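Participant: Quick one, coords11.cif (mmCIF, C-alpha atoms):
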data_upload
#
loop_
_atom_site.label_atom_id
_atom_site.label_comp_id
_atom_site.auth_asym_id
_atom_site.auth_seq_id
_atom_site.Cartn_x
_atom_site.Cartn_y
_atom_site.Cartn_z
CA MET A 226 -33.89 12.84 6.41
CA LYS A 227 -33.00 12.50 2.78
CA ALA A 228 -31.28 15.34 0.93
CA VAL A 229 -31.54 15.42 -2.85
CA VAL A 230 -28.86 17.51 -4.56
CA THR A 231 -29.35 18.22 -8.27
CA VAL A 232 -26.27 19.47 -10.12
CA MET A 233 -26.59 20.92 -13.63
CA PRO A 234 -24.09 22.55 -15.96
CA LYS A 235 -24.53 26.32 -15.88
CA ALA A 236 -26.23 28.01 -18.84
CA GLY A 237 -23.63 28.75 -21.48
CA VAL A 238 -21.29 26.00 -20.35
CA LEU A 239 -20.60 23.45 -23.07
CA ASP A 240 -22.37 20.18 -22.26
CA PRO A 241 -20.98 17.48 -24.57
CA GLN A 242 -22.85 14.69 -22.78
CA GLY A 243 -26.17 16.47 -23.27
CA ARG A 244 -25.35 17.13 -26.90
CA ALA A 245 -24.48 13.47 -27.48
CA ILE A 246 -27.79 12.42 -25.91
CA GLY A 247 -29.66 14.88 -28.14
CA ARG A 248 -27.99 13.46 -31.24
CA ALA A 249 -28.72 9.89 -30.13
CA LEU A 250 -32.40 10.74 -29.58
CA SER A 251 -32.62 12.17 -33.11
CA ASN A 252 -30.91 9.06 -34.50
CA LEU A 253 -33.49 6.92 -32.69
CA GLY A 254 -36.25 8.76 -34.56
CA PHE A 255 -37.42 11.22 -31.91
CA THR A 256 -38.38 14.52 -33.55
CA GLY A 257 -38.84 17.99 -32.11
CA VAL A 258 -35.92 17.58 -29.70
CA GLY A 259 -34.29 20.87 -28.72
CA GLU A 260 -31.47 21.43 -26.28
CA VAL A 261 -30.54 18.56 -23.96
CA ARG A 262 -28.64 19.12 -20.69
CA ALA A 263 -27.22 16.32 -18.61
CA GLY A 264 -26.60 16.67 -14.89
CA LYS A 265 -26.26 14.63 -11.74
CA VAL A 266 -28.54 13.90 -8.83
CA ILE A 267 -27.14 12.76 -5.51
CA GLU A 268 -29.34 11.42 -2.72
CA VAL A 269 -27.77 11.57 0.72
CA MET A 270 -29.37 9.93 3.76
CA LEU A 271 -28.71 12.09 6.83
CA ASP A 272 -29.12 11.17 10.50
CA GLU A 273 -30.17 14.81 11.09
CA THR A 274 -33.88 15.08 11.95
CA ASP A 275 -34.29 18.85 11.68
CA ALA A 276 -35.20 19.91 8.12
CA ALA A 277 -33.48 23.31 8.25
CA ALA A 278 -30.26 21.82 9.63
CA ALA A 279 -30.35 19.02 7.05
CA LEU A 280 -30.81 21.58 4.27
CA ALA A 281 -27.85 23.63 5.52
CA THR A 282 -25.67 20.52 5.74
CA ALA A 283 -26.67 19.40 2.24
CA GLU A 284 -25.95 22.85 0.83
CA ALA A 285 -22.49 22.78 2.40
CA MET A 286 -21.91 19.31 0.90
CA ALA A 287 -22.96 20.54 -2.53
CA ALA A 288 -20.77 23.65 -2.37
CA LYS A 289 -17.72 21.76 -1.05
CA LEU A 290 -17.81 18.49 -2.96
CA LEU A 291 -20.81 17.64 -5.11
CA ALA A 292 -20.81 20.60 -7.50
CA ASN A 293 -18.04 22.53 -9.20
CA PRO A 294 -19.25 26.12 -8.70
CA VAL A 295 -17.26 27.38 -11.69
CA ILE A 296 -19.26 25.39 -14.24
CA GLU A 297 -22.18 23.89 -12.33
CA SER A 298 -25.16 25.15 -10.38
CA PHE A 299 -26.98 23.09 -7.80
CA ALA A 300 -30.35 22.85 -6.10
CA VAL A 301 -30.96 21.15 -2.76
CA GLU A 302 -34.20 19.63 -1.54
CA VAL A 303 -34.86 17.86 1.75
CA VAL A 304 -37.48 15.14 2.06
CA PRO A 305 -38.43 13.37 5.32
CA MET B 217 -42.08 21.94 -22.96
CA LYS B 218 -39.24 20.73 -20.85
CA ALA B 219 -39.03 17.08 -19.80
CA VAL B 220 -36.91 16.22 -16.79
CA VAL B 221 -35.84 12.57 -16.61
CA THR B 222 -34.26 11.39 -13.35
CA VAL B 223 -32.40 8.09 -13.52
CA MET B 224 -31.32 6.32 -10.32
CA PRO B 225 -29.67 2.97 -9.68
CA LYS B 226 -32.29 0.46 -8.51
CA ALA B 227 -32.37 -0.48 -4.84
CA GLY B 228 -29.94 -3.33 -4.24
CA VAL B 229 -27.75 -2.45 -7.23
CA LEU B 230 -24.19 -1.67 -6.25
CA ASP B 231 -23.50 2.06 -6.60
CA PRO B 232 -19.73 2.60 -6.40
CA GLN B 233 -20.01 6.29 -7.32
CA GLY B 234 -22.46 6.90 -4.47
CA ARG B 235 -20.25 4.98 -2.07
CA ALA B 236 -17.20 7.02 -3.10
CA ILE B 237 -19.13 10.25 -2.53
CA GLY B 238 -20.22 9.04 0.91
CA ARG B 239 -16.64 8.26 1.86
CA ALA B 240 -15.44 11.64 0.56
CA LEU B 241 -18.11 13.43 2.61
CA SER B 242 -16.96 11.62 5.76
CA ASN B 243 -13.34 12.50 4.98
CA LEU B 244 -14.38 16.16 4.65
CA GLY B 245 -15.74 16.03 8.20
CA PHE B 246 -19.45 15.60 7.55
CA THR B 247 -20.97 13.35 10.21
CA GLY B 248 -24.24 11.43 10.28
CA VAL B 249 -24.01 10.52 6.60
CA GLY B 250 -25.85 7.32 5.70
CA GLU B 251 -26.31 5.76 2.29
CA VAL B 252 -25.49 7.91 -0.74
CA ARG B 253 -26.91 7.14 -4.21
CA ALA B 254 -25.73 8.86 -7.37
CA GLY B 255 -27.92 9.17 -10.43
CA LYS B 256 -28.39 11.27 -13.53
CA VAL B 257 -30.83 13.96 -14.50
CA ILE B 258 -31.46 14.78 -18.15
CA GLU B 259 -33.41 17.86 -19.23
CA VAL B 260 -34.83 17.65 -22.74
CA MET B 261 -36.45 20.62 -24.46
CA LEU B 262 -39.34 19.39 -26.62
CA ASP B 263 -41.21 21.25 -29.36
CA GLU B 264 -44.35 19.38 -28.23
CA THR B 265 -46.84 21.71 -26.53
CA ASP B 266 -49.24 19.10 -25.13
CA ALA B 267 -48.17 17.98 -21.64
CA ALA B 268 -49.53 14.41 -21.92
CA ALA B 269 -47.86 13.87 -25.31
CA ALA B 270 -44.59 15.34 -24.02
CA LEU B 271 -44.71 13.02 -21.01
CA ALA B 272 -45.30 9.98 -23.24
CA THR B 273 -42.42 10.99 -25.51
CA ALA B 274 -40.07 11.55 -22.57
CA GLU B 275 -41.03 8.17 -21.07
CA ALA B 276 -40.24 6.48 -24.38
CA MET B 277 -36.88 8.31 -24.48
CA ALA B 278 -36.08 7.17 -20.96
CA ALA B 279 -37.04 3.55 -21.63
CA LYS B 280 -35.15 3.39 -24.96
CA LEU B 281 -32.01 5.39 -24.30
CA LEU B 282 -31.64 7.33 -21.07
CA ALA B 283 -32.02 4.52 -18.52
CA ASN B 284 -30.81 0.94 -18.45
CA PRO B 285 -33.94 -0.85 -17.18
CA VAL B 286 -31.92 -3.77 -15.82
CA ILE B 287 -30.12 -1.72 -13.19
CA GLU B 288 -31.79 1.70 -13.24
CA SER B 289 -35.23 3.12 -12.56
CA PHE B 290 -36.42 6.44 -13.91
CA ALA B 291 -38.96 9.15 -13.18
CA VAL B 292 -40.22 11.63 -15.75
CA GLU B 293 -41.64 15.08 -15.08
CA VAL B 294 -42.84 17.66 -17.57
CA VAL B 295 -42.65 21.38 -16.90
CA PRO B 296 -43.98 24.11 -19.22
#
Using structure tokens, write down the structure from this file.

Facilitator:
Amino acid sequence: MKAVVTVMPKAGVLDPQGRAIGRALSNLGFTGVGEVRAGKVIEVMLDETDAAAALATAEAMAAKLLANPVIESFAVEVVP
Amino acid sequence: MKAVVTVMPKAGVLDPQGRAIGRALSNLGFTGVGEVRAGKVIEVMLDETDAAAALATAEAMAAKLLANPVIESFAVEVVP
């Protein structure tokens, strides 16, 4: 199964990368651009065939390594 | 509306960040880990209220700035 972990900076945490992207979009002529947040997405192929077990494994991976729980929140999705 | 742009390295493109994450997961004791791919997700708040127009704008943003079309593919999603 494939686990997709999306990691975003928590609300209120300064996101300089997102801010830089927002400024670049304005400079390129895009109007009506509000807040921009930049995060990561990590796709992990797992040998596990049980969806619930794969989800639990991916959540443990996210909590231990992929996300920094102090400044980032994560969401995990499992696709066959 | 909020546009969510997901940018992933194209299949066949070397992804050293993904490979490093895969190795780190194995070192942490996770077993059954196959290929790992690391990408970016960018959330852009748009003043635009029409979903089709917001999608077109976000696709233009992705093609012009957010993704490098030589080595990356992108997917755009619009949520209210």

Participant: Step by step, work through what the PyMOL selection byres ((chain A) within 9 of (chain B)) selects in the shown file, and finish by giving those residues as a PDB file with C-alpha atoms, keeping the file's coordinate frame.

Facilitator:
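part-v3.pdb written:
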ATOM      1  CA  THR A 231     -29.350  18.220  -8.270  1.00  0.00           C
ATOM      2  CA  VAL A 232     -26.270  19.470 -10.120  1.00  0.00           C
ATOM      3  CA  MET A 233     -26.590  20.920 -13.630  1.00  0.00           C
ATOM      4  CA  GLY A 243     -26.170  16.470 -23.270  1.00  0.00           C
ATOM      5  CA  ILE A 246     -27.790  12.420 -25.910  1.00  0.00           C
ATOM      6  CA  GLY A 247     -29.660  14.880 -28.140  1.00  0.00           C
ATOM      7  CA  ALA A 249     -28.720   9.890 -30.130  1.00  0.00           C
ATOM      8  CA  LEU A 250     -32.400  10.740 -29.580  1.00  0.00           C
ATOM      9  CA  LEU A 253     -33.490   6.920 -32.690  1.00  0.00           C
ATOM     10  CA  PHE A 255     -37.420  11.220 -31.910  1.00  0.00           C
ATOM     11  CA  THR A 256     -38.380  14.520 -33.550  1.00  0.00           C
ATOM     12  CA  GLY A 257     -38.840  17.990 -32.110  1.00  0.00           C
ATOM     13  CA  VAL A 258     -35.920  17.580 -29.700  1.00  0.00           C
ATOM     14  CA  GLY A 259     -34.290  20.870 -28.720  1.00  0.00           C
ATOM     15  CA  GLU A 260     -31.470  21.430 -26.280  1.00  0.00           C
ATOM     16  CA  VAL A 261     -30.540  18.560 -23.960  1.00  0.00           C
ATOM     17  CA  ARG A 262     -28.640  19.120 -20.690  1.00  0.00           C
ATOM     18  CA  ALA A 263     -27.220  16.320 -18.610  1.00  0.00           C
ATOM     19  CA  GLY A 264     -26.600  16.670 -14.890  1.00  0.00           C
ATOM     20  CA  LYS A 265     -26.260  14.630 -11.740  1.00  0.00           C
ATOM     21  CA  VAL A 266     -28.540  13.900  -8.830  1.00  0.00           C
ATOM     22  CA  ILE A 267     -27.140  12.760  -5.510  1.00  0.00           C
ATOM     23  CA  GLU A 268     -29.340  11.420  -2.720  1.00  0.00           C
ATOM     24  CA  VAL A 269     -27.770  11.570   0.720  1.00  0.00           C
ATOM     25  CA  MET A 270     -29.370   9.930   3.760  1.00  0.00           C
ATOM     26  CA  LEU A 271     -28.710  12.090   6.830  1.00  0.00           C
ATOM     27  CA  ASP A 272     -29.120  11.170  10.500  1.00  0.00           C
ATOM     28  CA  GLU A 273     -30.170  14.810  11.090  1.00  0.00           C
ATOM     29  CA  THR A 282     -25.670  20.520   5.740  1.00  0.00           C
ATOM     30  CA  MET A 286     -21.910  19.310   0.900  1.00  0.00           C
ATOM     31  CA  LYS A 289     -17.720  21.760  -1.050  1.00  0.00           C
ATOM     32  CA  LEU A 290     -17.810  18.490  -2.960  1.00  0.00           C
ATOM     33  CA  LEU A 291     -20.810  17.640  -5.110  1.00  0.00           C
TER      34      LEU A 291
END

Participant: For the provided coordinates, the residues matched by the PyMOL selection byres ((chain A and resi 298) around 10) should be stated as a PyMOL selection string.

Facilitator: chain A and resi 231-236+264+287-288+292-297+299-300

Participant: Taking the file above as input, evaluate the PyMOL selection byres ((chain A and resi 280) around 8) and report the hits as a CSV table (one decimal) with C-alpha atoms, in the coordinates of the input.

Facilitator:
chain,number,residue,atom,x,y,z
A,228,ALA,CA,-31.3,15.3,0.9
A,276,ALA,CA,-35.2,19.9,8.1
A,277,ALA,CA,-33.5,23.3,8.2
A,278,ALA,CA,-30.3,21.8,9.6
A,279,ALA,CA,-30.4,19.0,7.0
A,281,ALA,CA,-27.8,23.6,5.5
A,282,THR,CA,-25.7,20.5,5.7
A,283,ALA,CA,-26.7,19.4,2.2
A,284,GLU,CA,-26.0,22.8,0.8
A,301,VAL,CA,-31.0,21.2,-2.8
A,302,GLU,CA,-34.2,19.6,-1.5
A,303,VAL,CA,-34.9,17.9,1.8

Participant: Enclose segment 273-277 of chain A, meaning all of its atoms listed in the file, in a box aligned along x, y and z, pad it by 6 Å on each side, and list the centre and edge lengths in Å to one decimal, as JSON.

Facilitator:
{"center_x": -32.7, "center_y": 19.1, "center_z": 10.0, "size_x": 17.0, "size_y": 20.5, "size_z": 15.8}

Participant: Can you superpose chain A onto chain B by least squares over all C-alpha atoms paired in order and give the moved copy as an mmCIF file with C-alpha atoms, in the coordinates of the input?

Facilitator:
data_model
loop_
_atom_site.group_PDB
_atom_site.id
_atom_site.type_symbol
_atom_site.label_atom_id
_atom_site.label_comp_id
_atom_site.auth_asym_id
_atom_site.auth_seq_id
_atom_site.Cartn_x
_atom_site.Cartn_y
_atom_site.Cartn_z
ATOM 1 C CA MET A 226 -42.099 21.951 -22.955
ATOM 2 C CA LYS A 227 -39.237 20.726 -20.860
ATOM 3 C CA ALA A 228 -39.029 17.082 -19.799
ATOM 4 C CA VAL A 229 -36.901 16.223 -16.783
ATOM 5 C CA VAL A 230 -35.840 12.574 -16.604
ATOM 6 C CA THR A 231 -34.260 11.408 -13.340
ATOM 7 C CA VAL A 232 -32.395 8.097 -13.513
ATOM 8 C CA MET A 233 -31.313 6.329 -10.315
ATOM 9 C CA PRO A 234 -29.677 2.974 -9.677
ATOM 10 C CA LYS A 235 -32.286 0.475 -8.511
ATOM 11 C CA ALA A 236 -32.366 -0.473 -4.823
ATOM 12 C CA GLY A 237 -29.939 -3.309 -4.239
ATOM 13 C CA VAL A 238 -27.768 -2.439 -7.214
ATOM 14 C CA LEU A 239 -24.185 -1.671 -6.241
ATOM 15 C CA ASP A 240 -23.516 2.058 -6.600
ATOM 16 C CA PRO A 241 -19.745 2.607 -6.400
ATOM 17 C CA GLN A 242 -20.021 6.292 -7.312
ATOM 18 C CA GLY A 243 -22.460 6.912 -4.467
ATOM 19 C CA ARG A 244 -20.254 4.990 -2.075
ATOM 20 C CA ALA A 245 -17.197 7.013 -3.100
ATOM 21 C CA ILE A 246 -19.128 10.248 -2.526
ATOM 22 C CA GLY A 247 -20.217 9.020 0.914
ATOM 23 C CA ARG A 248 -16.622 8.246 1.861
ATOM 24 C CA ALA A 249 -15.439 11.627 0.566
ATOM 25 C CA LEU A 250 -18.111 13.424 2.614
ATOM 26 C CA SER A 251 -16.955 11.604 5.761
ATOM 27 C CA ASN A 252 -13.333 12.491 4.971
ATOM 28 C CA LEU A 253 -14.375 16.141 4.642
ATOM 29 C CA GLY A 254 -15.734 16.018 8.197
ATOM 30 C CA PHE A 255 -19.455 15.596 7.547
ATOM 31 C CA THR A 256 -20.978 13.331 10.202
ATOM 32 C CA GLY A 257 -24.240 11.412 10.284
ATOM 33 C CA VAL A 258 -24.020 10.514 6.589
ATOM 34 C CA GLY A 259 -25.862 7.313 5.695
ATOM 35 C CA GLU A 260 -26.313 5.766 2.286
ATOM 36 C CA VAL A 261 -25.486 7.904 -0.752
ATOM 37 C CA ARG A 262 -26.895 7.140 -4.223
ATOM 38 C CA ALA A 263 -25.725 8.861 -7.362
ATOM 39 C CA GLY A 264 -27.907 9.163 -10.443
ATOM 40 C CA LYS A 265 -28.393 11.265 -13.533
ATOM 41 C CA VAL A 266 -30.834 13.963 -14.511
ATOM 42 C CA ILE A 267 -31.462 14.782 -18.147
ATOM 43 C CA GLU A 268 -33.412 17.852 -19.239
ATOM 44 C CA VAL A 269 -34.832 17.640 -22.741
ATOM 45 C CA MET A 270 -36.453 20.623 -24.463
ATOM 46 C CA LEU A 271 -39.344 19.394 -26.621
ATOM 47 C CA ASP A 272 -41.212 21.264 -29.359
ATOM 48 C CA GLU A 273 -44.350 19.370 -28.236
ATOM 49 C CA THR A 274 -46.866 21.695 -26.550
ATOM 50 C CA ASP A 275 -49.247 19.088 -25.139
ATOM 51 C CA ALA A 276 -48.182 17.962 -21.643
ATOM 52 C CA ALA A 277 -49.529 14.407 -21.926
ATOM 53 C CA ALA A 278 -47.862 13.861 -25.304
ATOM 54 C CA ALA A 279 -44.592 15.335 -24.024
ATOM 55 C CA LEU A 280 -44.714 13.017 -21.007
ATOM 56 C CA ALA A 281 -45.297 9.976 -23.230
ATOM 57 C CA THR A 282 -42.426 10.981 -25.515
ATOM 58 C CA ALA A 283 -40.087 11.542 -22.563
ATOM 59 C CA GLU A 284 -41.018 8.180 -21.067
ATOM 60 C CA ALA A 285 -40.231 6.480 -24.374
ATOM 61 C CA MET A 286 -36.874 8.309 -24.484
ATOM 62 C CA ALA A 287 -36.063 7.178 -20.956
ATOM 63 C CA ALA A 288 -37.018 3.553 -21.622
ATOM 64 C CA LYS A 289 -35.149 3.394 -24.954
ATOM 65 C CA LEU A 290 -31.995 5.386 -24.296
ATOM 66 C CA LEU A 291 -31.630 7.334 -21.069
ATOM 67 C CA ALA A 292 -32.012 4.533 -18.523
ATOM 68 C CA ASN A 293 -30.814 0.948 -18.446
ATOM 69 C CA PRO A 294 -33.946 -0.832 -17.171
ATOM 70 C CA VAL A 295 -31.928 -3.763 -15.821
ATOM 71 C CA ILE A 296 -30.118 -1.694 -13.193
ATOM 72 C CA GLU A 297 -31.785 1.718 -13.226
ATOM 73 C CA SER A 298 -35.222 3.133 -12.551
ATOM 74 C CA PHE A 299 -36.409 6.447 -13.901
ATOM 75 C CA ALA A 300 -38.953 9.152 -13.182
ATOM 76 C CA VAL A 301 -40.233 11.640 -15.748
ATOM 77 C CA GLU A 302 -41.624 15.091 -15.074
ATOM 78 C CA VAL A 303 -42.855 17.649 -17.590
ATOM 79 C CA VAL A 304 -42.640 21.372 -16.916
ATOM 80 C CA PRO A 305 -43.995 24.103 -19.232
#

Participant: Could you work out how far atom CA of Gly228 of chain B lies from atom CA of Ala245 of chain A, giving the answer in Å with one decimal?

Facilitator: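 Atom CA of Gly228 of chain B lies at a distance of 29.2 Å from atom CA of Ala245 of chain A.
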
Participant: Find the distance between atom CA of Val295 of chain B and atom CA of Thr265 of chain B and write it in Å to one decimal.

Facilitator: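 Distance between the two atoms: 10.5 Å.
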